Amino acid sequence: MKKIVIFPLLLSAILLLAKSAAGQNIGIGHTIAEGLLDINGDVVLRSADITLEDGTTVAVNVEINPYSNFRISGPTAAFNIAGISYSPDGKLLSFYNRSGHTMTIIHESTDAEPSERIQTGTGYNIAVPDKATISFIYDGSAQRWVVRSNSAPGPWVITDNRVFTTHTGNVGIGTQQPAFKLTVNGNGYFAGNNANFALETIQGSNYLNTPGLQVASPNTDNYPAGIQQNVLAINGNQIQSFVRDIDDPSKSDFARPLAINPLGGSVGIGTNYIPGYAKLEIAVSPESRAISTGDGIVGMVHFLGGANRTINSVGGYFGTSTNHPLHFYTNSQWAQVSLLPNGNLGIGTTAPEQKLHVQGAIKLGGAVYEPIRTIYGAGTYNINDDDYNIHVSVPDNFLGTVYFQLPPALPNKGRVLNFSAANLPYKRVEGNENEGIASTIRFIDCANCPILQRVLKISSSFNLVYQTTSITLQSDGFNWVLTKTNYFLYRTYD
């Protein structure tokens with residue numbers, strides 16, 4: 001079918017012109033004109049190519065080649081149009097983006113001349129993707145190009161906010177360049193009688209003081225009293241739950257016992273700060289006598305760890321990493337067991353003075369095995385820290401003396417030492433003859449300690465045998481005192 005061209009008018013078309021009785025309307029293709037221009041048939045508007053540069057074009061020149069439709073090409077990346085050259089009032093114009101890149105129409109750009117600026121109708125810039133069109137009309141009264149339509153998805157105006165969609169299926173709120181299925185730029189809040197969803201800065205809070213995602217539910221149980229919402233808040237630094245009084249903006253948010261630090265991989269329970277010093281931080285009031293952290297005075301402080309701790313071999317660990325004791329308690333009795341930083345363990349006392357200090361009675365359900373140190377010859381021997389039982393074993397012809405140097409009594413208060421020598425040879429003496437010092441065991445720094453020996457006194461009627469085979473010493477903090485001795489005295493007759 002042959003197309004009818006408006007300008008210039010063909011002579012054959014002129015013959016079909018008909019004026020109404022008023023002599024104002026013109027008809028093309030028929031004899032009854034019901035408008036100033038009444039066309040019975042289609043209309044063809046030819047398109048022209050126009051090449052733009054990368055970046056921002058301040059004013060697209062549409063007058064140098066006066067067409068109504070332009071095919072835009074040329075840019076090698078996303079580009080902007082800030083203005084269009086001045087045109088007569090009512091001129092229609094459309095741009096077809098064939099650049100392969102996004103074309104952005106800038107709303108009221110100050111880079112363009114006032115009479116060449118564009119009003120998008122949304123108050124925002126409009127992104128026109130590749131293979132999409134946008135149409136304008138020039139408003140001579142406003143001295144602006146006004147957007148009439150846009151073939152790309154969106155925008156739509158909802159109250160004071162803008163919702164945009166793109167040909168990729170992404171939706172943007174407050175942005176025309178949504179990179180995801182839903183992209184929100186700005187603060188927002190949704191409230192209702194049911195659970196609600198919010199994205200905003202938390203009121204008066206020192207706990208999560210940057211904008212973040214909030215999921216909130218109403219406090220229908222009214223606990224704590226006066227709290228309207230229970231909130232789970234998320235931002236780039238932490239995840240935290242808390243309660244808030246939405247009716248009183250002057251009140252700060254109240255922390256609840258959950259805070260997660262994704263950056264440091266840490267979790268805080270009951271903390272009002274972002275956990276970062278330990279993988280698990282727990283804090284409550286000291287009065288509750290529950291697990292807590294902070295200054296190291298109360299409760300579990302520092303680490304609950306696993307393999308490859310630098311302080312020891314591979315294994316699991318539970319304790320403190322600073323110079324603080326570790327206490328255990330039951331039935332609110334503080335504290336039943338205490339482990340001091342120096343390694344002393346106290347049961348029934350918080351100030352153990354030795355590696356094991358028990359304040360109270362001890363009941364054993366089995367045998368106690370202690371190391372035995374054996375001495376085989378004469379000489380002077382020091383008592384070591386791990387000595388408990390010292391046994392002297394010498395041959396029958398032994399004539400020497402064994403000396404033991406006892407440690408100071410004060411730092412060894414309560415310590416027990418056992419000495420035994422069951423096989424010492426006899427020392428024979430006649431009548432009232434002195435015993436001498438042969439075949440004996442003596443103690444240095446213990447004036448009242450007995451001598452371990454075996455003595456045979458020979459008389460005309462009978463022989464007197466006496467021997468001390470073992471003794472037990474204990475420090476009272478001032479001296480070593482005798483607590484037990486095995487002493488034998490008997491007579492033999494010829």
# chains A, B, ... in the order shown; residues from 1 in each chain; ligands from 1

$ residues_around --residues "Lys413 in chain A" --least-positions-apart "4" --cutoff "9 Å" --atoms "only C-alpha atoms" --output "list of chain:residue names"
A:Glu353, A:Gln354, A:Ala409, A:Gln474, A:Ser475, A:Asp476, A:Gly477, A:Phe478, A:Asn479

$ closest_residue --among "A:Leu340, A:Val215, A:Leu36, A:Val147" --to "Val231 in chain A" --atoms "only C-alpha atoms"
A:Val215

$ select_by_dssp --residues "range 452-487 of chain A" --states "strand (DSSP E)" --output "list in words"
Gln453, Arg454, Val455, Leu456, Lys457, Ile458, Phe462, Asn463, Leu464, Val465, Tyr466, Gln467, Thr468, Thr469, Ser470, Ile471, Thr472, Leu473, Gln474, Ser475, Trp480, Val481, Leu482, Thr483, Lys484, Thr485, Asn486 and Tyr487 of chain A

$ write_last_selection --atoms "N, CA and C atoms" --output "JSON list (two decimals), in the first residue's frame"
[["chain", "number", "residue", "atom", "x", "y", "z"],
["A", 453, "GLN", "N", 68.20, -45.12, 113.01],
["A", 453, "GLN", "CA", 69.35, -45.99, 113.26],
["A", 453, "GLN", "C", 68.87, -47.33, 113.83],
["A", 454, "ARG", "N", 69.80, -48.32, 113.90],
["A", 454, "ARG", "CA", 69.57, -49.60, 114.57],
["A", 454, "ARG", "C", 70.75, -49.83, 115.51],
["A", 455, "VAL", "N", 70.47, -49.95, 116.83],
["A", 455, "VAL", "CA", 71.52, -50.05, 117.85],
["A", 455, "VAL", "C", 71.33, -51.34, 118.66],
["A", 456, "LEU", "N", 72.44, -52.07, 118.89],
["A", 456, "LEU", "CA", 72.44, -53.27, 119.72],
["A", 456, "LEU", "C", 73.41, -53.05, 120.89],
["A", 457, "LYS", "N", 72.81, -52.89, 122.09],
["A", 457, "LYS", "CA", 73.63, -52.74, 123.30],
["A", 457, "LYS", "C", 73.80, -54.11, 123.95],
["A", 458, "ILE", "N", 75.05, -54.49, 124.19],
["A", 458, "ILE", "CA", 75.36, -55.82, 124.72],
["A", 458, "ILE", "C", 75.69, -55.71, 126.21],
["A", 462, "PHE", "N", 71.57, -59.60, 129.26],
["A", 462, "PHE", "CA", 70.71, -59.55, 128.07],
["A", 462, "PHE", "C", 71.23, -58.47, 127.13],
["A", 463, "ASN", "N", 70.74, -58.54, 125.93],
["A", 463, "ASN", "CA", 71.08, -57.52, 124.93],
["A", 463, "ASN", "C", 69.86, -56.61, 124.71],
["A", 464, "LEU", "N", 70.08, -55.30, 124.60],
["A", 464, "LEU", "CA", 69.01, -54.31, 124.39],
["A", 464, "LEU", "C", 69.08, -53.82, 122.95],
["A", 465, "VAL", "N", 67.99, -54.01, 122.22],
["A", 465, "VAL", "CA", 67.93, -53.58, 120.82],
["A", 465, "VAL", "C", 66.89, -52.47, 120.69],
["A", 466, "TYR", "N", 67.27, -51.38, 120.07],
["A", 466, "TYR", "CA", 66.28, -50.34, 119.77],
["A", 466, "TYR", "C", 66.60, -49.77, 118.38],
["A", 467, "GLN", "N", 65.57, -49.41, 117.68],
["A", 467, "GLN", "CA", 65.74, -48.92, 116.32],
["A", 467, "GLN", "C", 64.60, -47.97, 115.94],
["A", 468, "THR", "N", 64.92, -46.99, 115.10],
["A", 468, "THR", "CA", 63.94, -46.08, 114.51],
["A", 468, "THR", "C", 64.02, -46.27, 112.99],
["A", 469, "THR", "N", 62.95, -46.82, 112.41],
["A", 469, "THR", "CA", 63.00, -47.18, 111.00],
["A", 469, "THR", "C", 62.34, -46.16, 110.08],
["A", 470, "SER", "N", 61.44, -45.31, 110.59],
["A", 470, "SER", "CA", 60.80, -44.30, 109.75],
["A", 470, "SER", "C", 60.27, -43.17, 110.61],
["A", 471, "ILE", "N", 60.23, -41.98, 110.03],
["A", 471, "ILE", "CA", 59.63, -40.82, 110.69],
["A", 471, "ILE", "C", 58.86, -40.02, 109.65],
["A", 472, "THR", "N", 57.90, -39.24, 110.14],
["A", 472, "THR", "CA", 57.13, -38.32, 109.29],
["A", 472, "THR", "C", 57.28, -36.91, 109.84],
["A", 473, "LEU", "N", 57.67, -35.98, 108.98],
["A", 473, "LEU", "CA", 57.84, -34.58, 109.35],
["A", 473, "LEU", "C", 56.81, -33.72, 108.62],
["A", 474, "GLN", "N", 56.40, -32.64, 109.27],
["A", 474, "GLN", "CA", 55.48, -31.69, 108.63],
["A", 474, "GLN", "C", 55.87, -30.28, 109.05],
["A", 475, "SER", "N", 55.75, -29.34, 108.10],
["A", 475, "SER", "CA", 56.08, -27.94, 108.39],
["A", 475, "SER", "C", 54.84, -27.24, 108.95],
["A", 480, "TRP", "N", 60.09, -27.57, 111.11],
["A", 480, "TRP", "CA", 59.71, -28.93, 110.78],
["A", 480, "TRP", "C", 59.54, -29.69, 112.09],
["A", 481, "VAL", "N", 58.35, -30.30, 112.25],
["A", 481, "VAL", "CA", 58.05, -30.98, 113.51],
["A", 481, "VAL", "C", 57.76, -32.44, 113.23],
["A", 482, "LEU", "N", 58.02, -33.27, 114.25],
["A", 482, "LEU", "CA", 57.79, -34.70, 114.13],
["A", 482, "LEU", "C", 56.32, -35.00, 114.36],
["A", 483, "THR", "N", 55.69, -35.68, 113.41],
["A", 483, "THR", "CA", 54.28, -36.05, 113.55],
["A", 483, "THR", "C", 54.09, -37.55, 113.74],
["A", 484, "LYS", "N", 55.09, -38.35, 113.36],
["A", 484, "LYS", "CA", 54.95, -39.80, 113.50],
["A", 484, "LYS", "C", 56.33, -40.43, 113.45],
["A", 485, "THR", "N", 56.53, -41.50, 114.27],
["A", 485, "THR", "CA", 57.80, -42.23, 114.22],
["A", 485, "THR", "C", 57.54, -43.71, 114.47],
["A", 486, "ASN", "N", 58.31, -44.59, 113.82],
["A", 486, "ASN", "CA", 58.29, -46.03, 114.06],
["A", 486, "ASN", "C", 59.53, -46.38, 114.90],
["A", 487, "TYR", "N", 59.33, -46.60, 116.23],
["A", 487, "TYR", "CA", 60.43, -46.84, 117.16],
["A", 487, "TYR", "C", 60.22, -48.19, 117.82]]

$ atom_distance --atom1 "CA of Asp89 in chain A" --atom2 "CA of Val60 in chain A"
17.0 Å

$ residues_around --residues "Ser85 in chain A" --least-positions-apart "5" --cutoff "7 Å" --atoms "only C-alpha atoms" --output "list in words"
Ala59, Val60, Asn61, Val62 and Glu116 of chain A
